[in-house]
Amino acid sequence: TKLDYESDFINKDNVETIVVYPNPNDGKFELHMKSKQESVSIKIYSSEGKLVYSQKHKGDEIIKLKPKLSSGVYNIQIPELDSNTKLIIK
């Protein structure tokens, strides 16, 4: 499914640099980035602040992920993009 980049990357504070799709999800999701990077470090933190996933990826505009995470709310950080995004796994 194609995202509508005009609306999906906008939030009330600023322009989003990444969108998680779908969100919520069953643990299999994509990160849609507004701009392509050479490479990015994707870090996922639990709601308690514990690092549960850390991996360097080629900075394509769409990155498919299937980390082994249990149901819950997580925070995805991409330091190269100064980005923090909420992830919900059902």
# chains A, B, ... in the order shown; residues from 1 in each chain; ligands from 1
>>> residues_around(residues="Tyr53 of chain A", least_positions_apart="4", cutoff="8 Å", atoms="only C-alpha atoms", output="MDAnalysis selection string")
chainID A and resid 42:45 67
>>> write_last_selection(atoms="C-alpha atoms", output="mmCIF file, in the first residue's frame")
data_model
loop_
_atom_site.group_PDB
_atom_site.id
_atom_site.type_symbol
_atom_site.label_atom_id
_atom_site.label_comp_id
_atom_site.auth_asym_id
_atom_site.auth_seq_id
_atom_site.Cartn_x
_atom_site.Cartn_y
_atom_site.Cartn_z
ATOM 1 C CA ILE A 42 17.649 1.634 13.845
ATOM 2 C CA LYS A 43 17.245 1.330 17.602
ATOM 3 C CA ILE A 44 14.063 0.083 19.242
ATOM 4 C CA TYR A 45 13.440 0.695 22.947
ATOM 5 C CA PRO A 67 12.268 -8.041 14.912
#
>>> select_by_dssp(residues="chain A", states="strand (DSSP E)", output="PyMOL selection string")
chain A and resi 18-21+29-33+39-46+51-58+62-65+72-78+83-89
>>> select_by_dssp(residues="chain A", states="alpha helix (DSSP H)", output="PyMOL selection string")
chain A and resi 5-8
>>> write_last_selection(atoms="C-alpha atoms", output="PDB file, in the first residue's frame")
ATOM      1  CA  TYR A   5       3.423  11.421   1.749  1.00  0.00           C
ATOM      2  CA  GLU A   6       1.725  14.820   1.802  1.00  0.00           C
ATOM      3  CA  SER A   7      -0.315  13.860   4.872  1.00  0.00           C
ATOM      4  CA  ASP A   8       1.436  10.852   6.454  1.00  0.00           C
TER       5      ASP A   8
END
>>> atom_distance(atom1="atom CA of Ile18 of chain A", atom2="atom CA of Val52 of chain A")
19.2 Å
>>> residues_around(residues="Lys66 of chain A", least_positions_apart="5", cutoff="12 Å", atoms="only C-alpha atoms", output="ChimeraX atom specification")
/A:25-31,44,53,55,89
>>> write_last_selection(atoms="N, CA, C and O atoms", output="mmCIF file, in the first residue's frame")
data_model
loop_
_atom_site.group_PDB
_atom_site.id
_atom_site.type_symbol
_atom_site.label_atom_id
_atom_site.label_comp_id
_atom_site.auth_asym_id
_atom_site.auth_seq_id
_atom_site.Cartn_x
_atom_site.Cartn_y
_atom_site.Cartn_z
ATOM 1 N N ASN A 25 0.799 -3.195 14.573
ATOM 2 C CA ASN A 25 1.089 -4.324 13.703
ATOM 3 C C ASN A 25 1.341 -5.575 14.535
ATOM 4 O O ASN A 25 1.315 -5.530 15.752
ATOM 5 N N ASP A 26 1.603 -6.691 13.836
ATOM 6 C CA ASP A 26 1.818 -7.972 14.506
ATOM 7 C C ASP A 26 3.305 -8.308 14.679
ATOM 8 O O ASP A 26 3.669 -9.436 14.946
ATOM 9 N N GLY A 27 4.171 -7.303 14.507
ATOM 10 C CA GLY A 27 5.610 -7.516 14.644
ATOM 11 C C GLY A 27 6.331 -7.470 13.313
ATOM 12 O O GLY A 27 7.549 -7.524 13.266
ATOM 13 N N LYS A 28 5.595 -7.376 12.227
ATOM 14 C CA LYS A 28 6.156 -7.249 10.882
ATOM 15 C C LYS A 28 5.704 -5.899 10.344
ATOM 16 O O LYS A 28 4.496 -5.638 10.252
ATOM 17 N N PHE A 29 6.668 -5.024 10.029
ATOM 18 C CA PHE A 29 6.308 -3.673 9.619
ATOM 19 C C PHE A 29 7.387 -3.076 8.726
ATOM 20 O O PHE A 29 8.448 -3.655 8.532
ATOM 21 N N GLU A 30 7.073 -1.922 8.182
ATOM 22 C CA GLU A 30 8.012 -1.189 7.328
ATOM 23 C C GLU A 30 8.240 0.193 7.906
ATOM 24 O O GLU A 30 7.338 0.779 8.505
ATOM 25 N N LEU A 31 9.438 0.693 7.723
ATOM 26 C CA LEU A 31 9.742 2.082 8.030
ATOM 27 C C LEU A 31 9.826 2.816 6.702
ATOM 28 O O LEU A 31 10.609 2.443 5.836
ATOM 29 N N ILE A 44 15.410 0.203 18.702
ATOM 30 C CA ILE A 44 14.063 0.083 19.242
ATOM 31 C C ILE A 44 14.171 -0.116 20.743
ATOM 32 O O ILE A 44 14.911 -0.987 21.212
ATOM 33 N N TYR A 53 16.391 -3.781 20.293
ATOM 34 C CA TYR A 53 16.797 -4.050 18.903
ATOM 35 C C TYR A 53 17.730 -2.932 18.464
ATOM 36 O O TYR A 53 17.448 -1.753 18.698
ATOM 37 N N GLN A 55 20.286 -2.265 14.970
ATOM 38 C CA GLN A 55 20.827 -2.791 13.724
ATOM 39 C C GLN A 55 21.084 -1.643 12.759
ATOM 40 O O GLN A 55 20.315 -0.697 12.700
ATOM 41 N N ILE A 89 2.958 -3.030 18.884
ATOM 42 C CA ILE A 89 2.859 -4.411 18.433
ATOM 43 C C ILE A 89 1.719 -5.076 19.196
ATOM 44 O O ILE A 89 1.689 -5.042 20.427
#
>>> atom_distance(atom1="atom CA of Ser70 of chain A", atom2="atom CA of Lys90 of chain A")
8.1 Å
>>> residues_around(residues="segment 80-88 of chain A", least_positions_apart="4", cutoff="9 Å", atoms="only C-alpha atoms", output="PyMOL selection string")
chain A and resi 16-20+23-27+37+39-41+44+71-76
>>> atom_distance(atom1="atom CA of Leu51 of chain A", atom2="atom CA of Lys36 of chain A")
24.7 Å
>>> closest_residue(among="A:His57, A:Gln77, A:Ile63, A:Pro22", to="Glu38 of chain A", atoms="only C-alpha atoms")
A:His57
